[in-house]
Structure formats: structure tokens, C-alpha cells
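> What follows is query-v9.csv, made up of CSV, C-alpha atoms (C1' of nucleotides):
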chain,number,residue,atom,x,y,z
A,573,MET,CA,169.5,161.5,126.8
A,574,VAL,CA,172.4,161.0,124.4
A,575,ALA,CA,174.4,158.0,125.5
A,576,ALA,CA,178.1,158.6,126.0
A,577,GLU,CA,179.6,157.5,122.7
A,578,LEU,CA,183.0,156.6,124.1
A,579,ASP,CA,185.9,155.7,121.8
A,580,SER,CA,183.9,154.1,119.1
A,581,GLU,CA,181.7,156.5,117.3
A,582,LEU,CA,180.7,154.4,114.3
A,583,ASP,CA,178.3,155.9,111.7
A,584,LEU,CA,177.0,153.3,109.2
A,585,SER,CA,176.6,155.9,106.5
A,586,LEU,CA,180.2,157.0,106.9
A,587,ILE,CA,181.4,153.4,106.9
A,588,LEU,CA,179.5,152.3,103.8
A,589,HIS,CA,180.6,155.4,101.9
A,590,ALA,CA,184.2,154.7,102.9
A,591,LEU,CA,183.9,151.1,101.7
A,592,SER,CA,182.2,152.1,98.4
A,593,ASP,CA,185.5,153.1,96.9
A,594,PRO,CA,187.6,150.3,95.3
A,595,HIS,CA,190.9,151.8,96.4
A,596,ARG,CA,189.7,152.0,100.0
A,597,ARG,CA,188.4,148.5,99.9
A,598,THR,CA,191.9,147.4,98.7
A,599,ILE,CA,193.4,149.1,101.7
A,600,VAL,CA,191.0,147.5,104.1
A,601,ARG,CA,191.5,144.1,102.5
A,602,GLU,CA,195.3,144.4,102.8
A,603,LEU,CA,195.0,145.5,106.4
A,604,ALA,CA,192.7,142.6,107.2
A,605,ALA,CA,195.1,140.1,105.6
A,606,ALA,CA,198.1,141.6,107.3
A,607,ALA,CA,196.7,141.3,110.8
A,608,GLU,CA,199.6,143.6,111.9
A,609,PRO,CA,200.0,147.3,111.6
A,610,VAL,CA,201.2,148.3,108.2
A,611,PRO,CA,202.9,151.5,107.0
A,612,CYS,CA,200.7,153.4,104.6
A,613,GLY,CA,203.1,153.2,101.7
A,614,ALA,CA,203.3,149.5,101.9
A,615,ILE,CA,199.9,149.2,100.2
A,616,MET,CA,200.2,149.8,96.5
A,617,LEU,CA,197.7,152.1,94.9
A,618,GLU,CA,198.0,153.7,91.5
A,619,VAL,CA,197.3,157.1,92.8
A,620,GLY,CA,199.3,160.1,93.9
A,621,LYS,CA,200.6,160.5,97.4
A,622,SER,CA,198.0,163.1,98.4
A,623,THR,CA,195.2,161.0,97.0
A,624,ARG,CA,196.4,158.1,99.2
A,625,THR,CA,196.5,160.4,102.2
A,626,HIS,CA,192.9,161.4,101.4
A,627,HIS,CA,191.7,157.8,101.3
A,628,PHE,CA,193.4,157.0,104.6
A,629,ARG,CA,191.7,160.0,106.1
A,630,VAL,CA,188.3,158.9,104.9
A,631,LEU,CA,188.8,155.4,106.4
A,632,ARG,CA,190.1,156.9,109.7
A,633,GLU,CA,187.1,159.4,110.0
A,634,ALA,CA,184.8,156.5,109.4
A,635,GLY,CA,186.4,154.7,112.3
A,636,LEU,CA,187.6,151.8,110.2
A,637,ILE,CA,191.3,152.2,110.8
A,638,SER,CA,193.6,153.7,113.4
A,639,GLN,CA,197.1,155.1,112.8
A,640,ARG,CA,200.1,155.9,114.9
A,641,ARG,CA,203.5,157.3,114.1
A,642,GLU,CA,206.6,155.2,114.3
A,643,GLY,CA,209.7,157.0,113.3
A,644,THR,CA,209.3,158.3,109.7
A,645,ARG,CA,206.5,155.9,109.0
A,646,LYS,CA,202.8,155.8,110.1
A,647,LEU,CA,201.5,152.4,111.0
A,648,THR,CA,197.9,151.6,110.2
A,649,SER,CA,195.8,148.9,111.5
A,650,LEU,CA,192.2,147.8,110.9
A,651,ARG,CA,189.8,148.3,113.8
A,652,LYS,CA,188.1,145.0,113.0
A,653,ALA,CA,187.0,144.2,116.5
A,654,GLU,CA,185.3,147.5,117.0
A,655,VAL,CA,183.6,147.4,113.6
A,656,ASP,CA,182.5,143.8,114.1
A,657,ALA,CA,181.1,144.6,117.5
A,658,GLU,CA,178.9,147.3,116.1
A,659,PHE,CA,178.1,145.8,112.7
A,660,PRO,CA,178.6,142.0,112.8
A,661,GLY,CA,179.3,140.4,109.5
A,662,LEU,CA,179.7,143.7,107.6
A,663,LEU,CA,183.5,143.5,107.1
A,664,ASP,CA,183.4,139.9,106.2
A,665,ALA,CA,180.6,140.4,103.7
A,666,VAL,CA,182.5,143.2,102.0
A,667,LEU,CA,186.0,141.8,102.1
A,668,VAL,CA,185.4,138.1,101.3
A,669,PRO,CA,184.3,138.4,97.7
A,670,VAL,CA,187.7,139.1,96.1
A,671,PRO,CA,187.2,140.5,92.6
A,672,VAL,CA,187.6,137.9,89.8
B,375,MET,CA,182.9,154.8,88.1
B,376,VAL,CA,182.0,153.0,85.0
B,377,ALA,CA,179.9,150.0,86.0
B,378,ALA,CA,179.0,147.1,83.9
B,379,GLU,CA,175.4,147.7,83.0
B,380,LEU,CA,174.4,144.1,82.5
B,381,ASP,CA,171.0,143.6,84.1
B,382,SER,CA,172.1,141.0,86.7
B,383,GLU,CA,175.6,142.3,87.3
B,384,LEU,CA,176.0,143.3,90.9
B,385,ASP,CA,178.8,145.9,91.5
B,386,LEU,CA,179.8,146.1,95.1
B,387,SER,CA,180.8,149.7,94.8
B,388,LEU,CA,177.4,150.6,93.4
B,389,ILE,CA,175.7,148.6,96.2
B,390,LEU,CA,177.7,150.2,99.0
B,391,HIS,CA,177.2,153.6,97.6
B,392,ALA,CA,173.5,153.0,97.3
B,393,LEU,CA,173.3,151.8,100.9
B,394,SER,CA,175.4,154.6,102.3
B,395,ASP,CA,172.4,157.0,102.2
B,396,PRO,CA,170.1,156.8,105.2
B,397,HIS,CA,166.9,157.4,103.1
B,398,ARG,CA,167.8,154.5,100.8
B,399,ARG,CA,168.6,152.3,103.8
B,400,THR,CA,165.1,153.1,105.1
B,401,ILE,CA,163.6,152.0,101.8
B,402,VAL,CA,165.5,148.8,101.8
B,403,ARG,CA,164.7,148.1,105.4
B,404,GLU,CA,161.0,148.6,104.7
B,405,LEU,CA,161.1,146.4,101.7
B,406,ALA,CA,162.9,143.7,103.6
B,407,ALA,CA,160.3,143.9,106.4
B,408,ALA,CA,157.4,143.8,104.0
B,409,ALA,CA,158.4,140.7,102.1
B,410,GLU,CA,155.8,141.7,99.5
B,411,PRO,CA,156.0,144.2,96.6
B,412,VAL,CA,155.2,147.7,97.9
B,413,PRO,CA,154.2,150.8,96.0
B,414,CYS,CA,156.9,153.5,96.1
B,415,GLY,CA,154.7,156.0,97.8
B,416,ALA,CA,153.9,153.7,100.7
B,417,ILE,CA,157.4,154.3,102.2
B,418,MET,CA,157.4,157.6,104.0
B,419,LEU,CA,160.4,159.8,103.3
B,420,GLU,CA,160.7,163.5,104.2
B,421,VAL,CA,161.8,164.4,100.7
B,422,GLY,CA,160.1,165.7,97.6
B,423,LYS,CA,158.6,163.4,94.9
B,424,SER,CA,161.5,163.7,92.5
B,425,THR,CA,164.1,163.1,95.2
B,426,ARG,CA,162.3,159.9,96.1
B,427,THR,CA,162.3,158.8,92.4
B,428,HIS,CA,166.0,159.5,92.4
B,429,HIS,CA,166.6,157.3,95.4
B,430,PHE,CA,164.6,154.4,93.9
B,431,ARG,CA,166.6,154.8,90.7
B,432,VAL,CA,169.9,154.5,92.5
B,433,LEU,CA,168.7,151.4,94.3
B,434,ARG,CA,167.5,149.9,91.0
B,435,GLU,CA,170.7,150.7,89.1
B,436,ALA,CA,172.6,149.0,91.9
B,437,GLY,CA,170.5,145.9,91.4
B,438,LEU,CA,169.1,146.0,94.9
B,439,ILE,CA,165.4,146.4,94.0
B,440,SER,CA,163.2,145.6,91.0
B,441,GLN,CA,160.1,147.4,90.0
B,442,ARG,CA,157.0,146.7,87.9
B,443,ARG,CA,153.9,148.7,87.0
B,444,GLU,CA,150.5,147.7,88.4
B,445,GLY,CA,147.8,150.2,87.3
B,446,THR,CA,148.7,153.6,88.5
B,447,ARG,CA,151.2,152.4,91.0
B,448,LYS,CA,154.7,150.9,90.7
B,449,LEU,CA,155.4,147.9,92.9
B,450,THR,CA,158.9,147.6,94.3
B,451,SER,CA,160.5,144.5,95.8
B,452,LEU,CA,163.9,143.8,97.3
B,453,ARG,CA,166.2,141.5,95.3
B,454,LYS,CA,167.3,139.9,98.5
B,455,ALA,CA,168.0,136.4,97.1
B,456,GLU,CA,170.2,137.8,94.3
B,457,VAL,CA,172.2,140.1,96.6
B,458,ASP,CA,172.6,137.4,99.2
B,459,ALA,CA,173.9,135.0,96.5
B,460,GLU,CA,176.6,137.4,95.5
B,461,PHE,CA,177.4,139.0,98.8
B,462,PRO,CA,176.3,136.8,101.6
B,463,GLY,CA,175.6,138.5,104.9
B,464,LEU,CA,175.8,142.0,103.5
B,465,LEU,CA,172.2,142.9,103.6
B,466,ASP,CA,171.7,141.4,107.1
B,467,ALA,CA,174.7,143.3,108.4
B,468,VAL,CA,173.5,146.6,107.0
B,469,LEU,CA,169.8,146.2,107.9
B,470,VAL,CA,169.9,144.6,111.3
B,471,PRO,CA,171.2,147.5,113.4
B,472,VAL,CA,168.1,149.6,113.6
B,473,PRO,CA,168.9,153.1,114.7
B,474,VAL,CA,167.9,154.0,118.3
C,785,DC,C1',224.0,170.5,108.6
C,786,DT,C1',222.4,168.3,104.4
C,787,DC,C1',219.8,164.8,102.3
C,788,DT,C1',216.4,161.3,102.0
C,789,DT,C1',212.2,159.1,103.4
C,790,DA,C1',207.2,159.1,104.6
C,791,DG,C1',203.5,161.4,104.8
C,792,DT,C1',200.4,165.9,105.4
C,793,DT,C1',198.4,170.3,103.9
C,794,DC,C1',196.8,173.4,100.5
C,795,DG,C1',194.5,175.0,96.7
C,796,DA,C1',192.5,173.7,92.3
C,797,DC,C1',189.6,171.3,89.1
C,798,DA,C1',186.2,168.3,86.8
C,799,DG,C1',182.8,165.2,88.1
C,800,DT,C1',179.1,163.4,90.8
C,801,DC,C1',175.3,163.8,94.5
C,802,DA,C1',171.1,165.0,96.9
C,803,DT,C1',167.7,168.2,96.7
C,804,DC,C1',164.1,170.9,94.7
C,805,DG,C1',160.2,172.8,91.6
C,806,DT,C1',157.9,172.4,87.5
C,807,DA,C1',156.4,170.1,83.8
C,808,DC,C1',155.1,165.8,82.0
C,809,DC,C1',153.1,161.0,81.3
C,810,DA,C1',150.1,156.9,82.2
C,811,DA,C1',146.1,154.7,84.1
C,812,DG,C1',141.6,154.9,86.2
C,813,DG,C1',137.3,157.2,87.9
C,814,DC,C1',133.8,160.8,87.1
D,1333,DG,C1',136.0,164.2,77.5
D,1334,DC,C1',138.1,166.0,82.4
D,1335,DC,C1',140.3,165.2,86.8
D,1336,DT,C1',142.8,162.8,90.3
D,1337,DT,C1',146.6,159.6,91.5
D,1338,DG,C1',151.3,157.8,91.3
D,1339,DG,C1',155.3,158.4,89.4
D,1340,DT,C1',159.0,160.1,85.8
D,1341,DA,C1',162.0,163.6,83.2
D,1342,DC,C1',164.2,167.9,83.1
D,1343,DG,C1',167.0,171.4,84.4
D,1344,DA,C1',169.1,173.9,88.2
D,1345,DT,C1',171.8,174.5,92.3
D,1346,DG,C1',174.9,174.1,96.2
D,1347,DA,C1',177.7,170.7,98.3
D,1348,DC,C1',180.8,167.1,98.2
D,1349,DT,C1',184.3,163.7,95.9
D,1350,DG,C1',188.5,161.9,93.8
D,1351,DT,C1',192.3,163.4,91.7
D,1352,DC,C1',196.5,166.0,91.1
D,1353,DG,C1',200.9,168.9,91.9
D,1354,DA,C1',203.6,171.7,94.7
D,1355,DA,C1',204.9,173.1,99.1
D,1356,DC,C1',205.5,171.7,103.6
D,1357,DT,C1',206.6,169.0,108.2
D,1358,DA,C1',208.8,165.3,111.0
D,1359,DA,C1',212.3,161.9,111.8
D,1360,DG,C1',216.5,159.5,110.7
D,1361,DA,C1',221.0,158.7,108.1
D,1362,DG,C1',225.2,160.5,106.2
Please lay out the structure from this file as C-alpha cells.


Amino acid sequence: MVAAELDSELDLSLILHALSDPHRRTIVRELAAAAEPVPCGAIMLEVGKSTRTHHFRVLREAGLISQRREGTRKLTSLRKAEVDAEFPGLLDAVLVPVPV
Amino acid sequence: MVAAELDSELDLSLILHALSDPHRRTIVRELAAAAEPVPCGAIMLEVGKSTRTHHFRVLREAGLISQRREGTRKLTSLRKAEVDAEFPGLLDAVLVPVPV
DNA sequence: CTCTTAGTTCGACAGTCATCGTACCAAGGC
DNA sequence: GCCTTGGTACGATGACTGTCGAACTAAGAG
């Protein structure tokens, strides 16, 4: 029987695909460094608005981030605990090596 | 995108993209379990021959595996040490959670 | 109400991906 | 030589990806 996948439906293929894009790794790295919810626009990416929305959606659908509205902004936070619980060490392995 | 094609240059985007496919994770998992060079055909995948060749090429171009001919077969081995040196913990994080 | 801010939705477009079948090549075995 | 085995190369195809601009929505600020 299929176990009840409660709040955290984490698919490793989705996660790895989401993390395979440098822009999305930048977002995740910033979120991990901030340790507090951050508005989407606070993370600088050299892409258009709609492209940024697209990257945030990919991350959200992979279960890597969660978002909530706050006034005109949308605060984003990294779901580090949930991801770490399912795939220990993965985020650290991907985020630690800062590009030289 | 454009990746440095130096033989021992490991690009995290290429690696994560390579590992985001379940078939390729199966290959890597079998290679990690074998700990000895394995002929390509010894790993069962429910895809055609040319598709299997394609997956092995993606893994090779990401620097995750190395291959060498031996008679009619082609022996494949996981470049675990090199990958671990560049991205410690990544392979373990991706390979440990065996699907249920 | 109007204007600005922050972000989404909707095509559209060029590029890449996974998959396939067929043809092909290389090394042995007969 | 011929044939089998193990794998590659070559299109082709349908699906998906990252990118964009323009139009749109939601919430304040004036």
C-alpha cells in the first residue's frame, strides 16, 4: 500500500534537476546563508522577471523552498530541515563548494 | 550550458543533471555496489541499446564514470574518488536512499 | 482614485533531452 | 572467410527547458 506521503513529497529526480541549474543553486545558496525568509527580488539574478518566477516555481515544485505572501512581497525560505531529513548531506554537498 | 571540456574538470551542473535521471542513478548505484569495473550490458535497464549508450555517455561527459575496452566488452567504473574529492558527500547523499 | 511595487500568467521561441530503430564497427569463435 | 556478441553513430521525434516581453493581479502609498 502506498504510504501516506504527508507534507513532504520529495522526489530526488526533481530535486537534482532543480539544483542542476546555476541560477537556482545561487537562489538556494542565498537562502541557506540568509537563514531567514527573503523576498524573491532580493536575490540578484541576471534574468528577466518571468524567468526568475520560473526558477522559483521549479524550486518550489521540487519541495526545496516554501513561499508565503507578506504585503506586496513574497517571502521565500529554504526547507532545509525537510530536505536534510530525507536526503542527509545533499544540500551541504551541493552548496558548500562555492565557485572559484 | 558550455562546460569546460578538460578531462578532469568536474562541473557540478553536469553532475547534477546526470544524476537527475533515475536510469543513470541506477547505473551509478550498481557501479558503486560492484566496486569493480562492470561491462555496460551487465546493468539491466528497460531501455533500448542506443538509449543505454546515451546514458553512459552523459555519465562519462559529467566525469562520473570512466570506460575502457576489454575484448568485445567495455568495462565501466565509477570515479568515486575524484568525485568525492571535488564534492564530498554528494555521491553518498544521492546513492544511499534506495527507493522503496 | 491613481501610481508604484512585487510578482504571476501567458504565449512564443530556440535549444536540449530521452527515446527509438536501423545501420554500423570491433573483436572473437566457428 | 562468416557469424555472433557488445557497443557506437546517425537521424528522427515528441517532450521538456530556459529565456523573453507583454499583459495581468494584488497590495500599499500618495

> Return the neighbours of chain B among the residues of chain C, cut-off 9 Å, counting only C-alpha atoms (C1' of nucleotides), as a PDB file with C-alpha atoms (C1' of nucleotides), keeping the file's coordinate frame.


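part-v9.pdb, freshly written:
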ATOM      1  C1'  DA C 802     171.100 165.000  96.900  1.00  0.00           C
ATOM      2  C1'  DT C 803     167.700 168.200  96.700  1.00  0.00           C
ATOM      3  C1'  DC C 804     164.100 170.900  94.700  1.00  0.00           C
ATOM      4  C1'  DA C 810     150.100 156.900  82.200  1.00  0.00           C
ATOM      5  C1'  DA C 811     146.100 154.700  84.100  1.00  0.00           C
ATOM      6  C1'  DG C 812     141.600 154.900  86.200  1.00  0.00           C
TER       7       DG C 812
END

> I need the chain B residues near chain A as a list in words; criterion: at most 8 Å, counting all atoms listed in the file.

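Only these qualify: Leu386, Ser387, Leu388, Ile389, Leu390, His391, Leu393, Ser394, Asp395, Pro396, Phe461, Pro462, Gly463, Leu464, Ala467, Val468 and Pro471 of chain B.
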
> With C-alpha atoms retained, export the selected residues as a compact mmCIF listing (two decimals), in the coordinates of the input.


# COMPACT_ATOMS: atom_id res chain seq x y z
CA LEU B 386 179.80 146.10 95.10
CA SER B 387 180.80 149.70 94.80
CA LEU B 388 177.40 150.60 93.40
CA ILE B 389 175.70 148.60 96.20
CA LEU B 390 177.70 150.20 99.00
CA HIS B 391 177.20 153.60 97.60
CA LEU B 393 173.30 151.80 100.90
CA SER B 394 175.40 154.60 102.30
CA ASP B 395 172.40 157.00 102.20
CA PRO B 396 170.10 156.80 105.20
CA PHE B 461 177.40 139.00 98.80
CA PRO B 462 176.30 136.80 101.60
CA GLY B 463 175.60 138.50 104.90
CA LEU B 464 175.80 142.00 103.50
CA ALA B 467 174.70 143.30 108.40
CA VAL B 468 173.50 146.60 107.00
CA PRO B 471 171.20 147.50 113.40

> Leaving out DT788 in chain C and any residue of its chain fewer than 3 positions from it, which residues lie within 12 Å of it when counting only C-alpha atoms (C1' of nucleotides), given as a list in words?

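The residues satisfying every condition are Thr644 of chain A; DA1359, DG1360, DA1361 and DG1362 of chain D.
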
> Return chain A as a tab-separated table (two decimals) with C-alpha atoms, in the coordinates of the input, after superposing it on chain B by a least-squares fit that covers all C-alpha atoms paired in order.


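In the end it all went to selection.tsv:
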chain	number	residue	atom	x	y	z
A	573	MET	CA	188.57	140.63	78.23
A	574	VAL	CA	185.61	142.24	79.98
A	575	ALA	CA	183.27	139.53	81.17
A	576	ALA	CA	179.67	139.87	80.04
A	577	GLU	CA	178.02	141.61	82.98
A	578	LEU	CA	174.55	140.24	82.33
A	579	ASP	CA	171.54	141.50	84.29
A	580	SER	CA	173.30	142.19	87.50
A	581	GLU	CA	175.76	144.97	87.24
A	582	LEU	CA	176.47	145.60	90.91
A	583	ASP	CA	179.01	148.32	91.87
A	584	LEU	CA	179.96	148.23	95.59
A	585	SER	CA	180.65	151.93	95.64
A	586	LEU	CA	177.21	152.69	94.24
A	587	ILE	CA	175.58	150.30	96.70
A	588	LEU	CA	177.31	151.62	99.81
A	589	HIS	CA	176.57	155.21	98.81
A	590	ALA	CA	172.92	154.29	98.28
A	591	LEU	CA	172.77	152.65	101.71
A	592	SER	CA	174.55	155.58	103.45
A	593	ASP	CA	171.38	157.61	103.46
A	594	PRO	CA	168.94	156.99	106.37
A	595	HIS	CA	165.86	157.49	104.23
A	596	ARG	CA	167.11	154.95	101.70
A	597	ARG	CA	167.97	152.50	104.39
A	598	THR	CA	164.35	152.88	105.68
A	599	ILE	CA	163.10	152.01	102.24
A	600	VAL	CA	165.31	148.99	101.95
A	601	ARG	CA	164.38	147.84	105.44
A	602	GLU	CA	160.65	148.13	104.66
A	603	LEU	CA	161.12	146.27	101.40
A	604	ALA	CA	163.05	143.51	103.13
A	605	ALA	CA	160.35	143.13	105.80
A	606	ALA	CA	157.57	143.17	103.27
A	607	ALA	CA	158.96	140.34	101.19
A	608	GLU	CA	156.37	141.36	98.51
A	609	PRO	CA	156.42	144.15	96.04
A	610	VAL	CA	155.32	147.39	97.57
A	611	PRO	CA	154.01	150.59	95.96
A	612	CYS	CA	156.41	153.46	96.47
A	613	GLY	CA	153.97	155.59	98.40
A	614	ALA	CA	153.32	152.91	100.89
A	615	ILE	CA	156.65	153.67	102.60
A	616	MET	CA	156.39	156.77	104.71
A	617	LEU	CA	159.13	159.31	104.41
A	618	GLU	CA	159.00	162.88	105.60
A	619	VAL	CA	160.12	164.24	102.34
A	620	GLY	CA	158.51	165.67	99.25
A	621	LYS	CA	157.30	163.53	96.41
A	622	SER	CA	160.21	164.40	94.10
A	623	THR	CA	162.72	163.74	96.84
A	624	ARG	CA	161.20	160.25	97.27
A	625	THR	CA	161.40	159.68	93.54
A	626	HIS	CA	165.09	160.67	93.72
A	627	HIS	CA	165.84	158.16	96.47
A	628	PHE	CA	164.09	155.37	94.59
A	629	ARG	CA	166.16	156.23	91.57
A	630	VAL	CA	169.39	156.07	93.51
A	631	LEU	CA	168.48	152.61	94.92
A	632	ARG	CA	167.40	151.37	91.44
A	633	GLU	CA	170.69	152.65	89.73
A	634	ALA	CA	172.61	150.90	92.43
A	635	GLY	CA	170.83	147.69	91.55
A	636	LEU	CA	169.27	147.30	94.97
A	637	ILE	CA	165.65	147.43	93.91
A	638	SER	CA	163.57	146.77	90.82
A	639	GLN	CA	160.26	148.44	89.91
A	640	ARG	CA	157.40	147.72	87.60
A	641	ARG	CA	154.19	149.52	86.83
A	642	GLU	CA	150.86	148.17	87.90
A	643	GLY	CA	147.99	150.37	87.02
A	644	THR	CA	148.52	153.83	88.63
A	645	ARG	CA	151.00	152.46	91.09
A	646	LYS	CA	154.67	151.31	90.75
A	647	LEU	CA	155.55	148.22	92.67
A	648	THR	CA	159.02	147.96	94.14
A	649	SER	CA	160.79	145.00	95.36
A	650	LEU	CA	164.22	144.40	96.90
A	651	ARG	CA	166.69	142.47	94.76
A	652	LYS	CA	167.97	140.63	97.83
A	653	ALA	CA	168.99	137.48	96.08
A	654	GLU	CA	171.09	139.26	93.53
A	655	VAL	CA	172.73	141.51	96.12
A	656	ASP	CA	173.39	138.58	98.45
A	657	ALA	CA	174.91	136.57	95.65
A	658	GLU	CA	177.41	139.27	94.90
A	659	PHE	CA	177.99	140.62	98.41
A	660	PRO	CA	177.03	137.97	101.01
A	661	GLY	CA	176.11	139.30	104.37
A	662	LEU	CA	176.09	142.97	103.30
A	663	LEU	CA	172.29	143.49	103.43
A	664	ASP	CA	171.95	141.65	106.63
A	665	ALA	CA	174.76	143.57	108.27
A	666	VAL	CA	173.20	146.88	107.28
A	667	LEU	CA	169.56	146.11	107.88
A	668	VAL	CA	169.70	144.09	111.13
A	669	PRO	CA	170.79	146.80	113.52
A	670	VAL	CA	167.49	148.70	113.81
A	671	PRO	CA	168.12	152.15	115.28
A	672	VAL	CA	167.38	152.40	119.04

> Specify as a PyMOL selection string all residues of chain D found within 8 Å of chain B, counting only C-alpha atoms (C1' of nucleotides).

chain D and resi 1337-1340

> What's the separation between C1' of DC797 in chain C and CA of Arg629 in chain A, in Å to one decimal place?

20.5 Å

> Could you state the separation of CA of Glu608 in chain A and CA of Leu631 in chain A in Å, given to one decimal place?

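Straight-line distance from CA of Glu608 in chain A to CA of Leu631 in chain A works out to 16.9 Å.
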
> Could you jot down the CA of Leu438 in chain B to CA of Arg632 in chain A separation for me, Å, one decimal place?

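If I compute the distance from CA of Leu438 in chain B to CA of Arg632 in chain A, I get 27.9 Å.
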
> Around (207.8, 170.8, 98.6) in the file's frame, which residues reach within 12 Å when counting only C-alpha atoms (C1' of nucleotides)? Return as a list of chain:residue names?

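The requested residues, written out, are C:DT792, C:DT793, C:DC794, D:DG1353, D:DA1354, D:DA1355, D:DC1356, D:DT1357.
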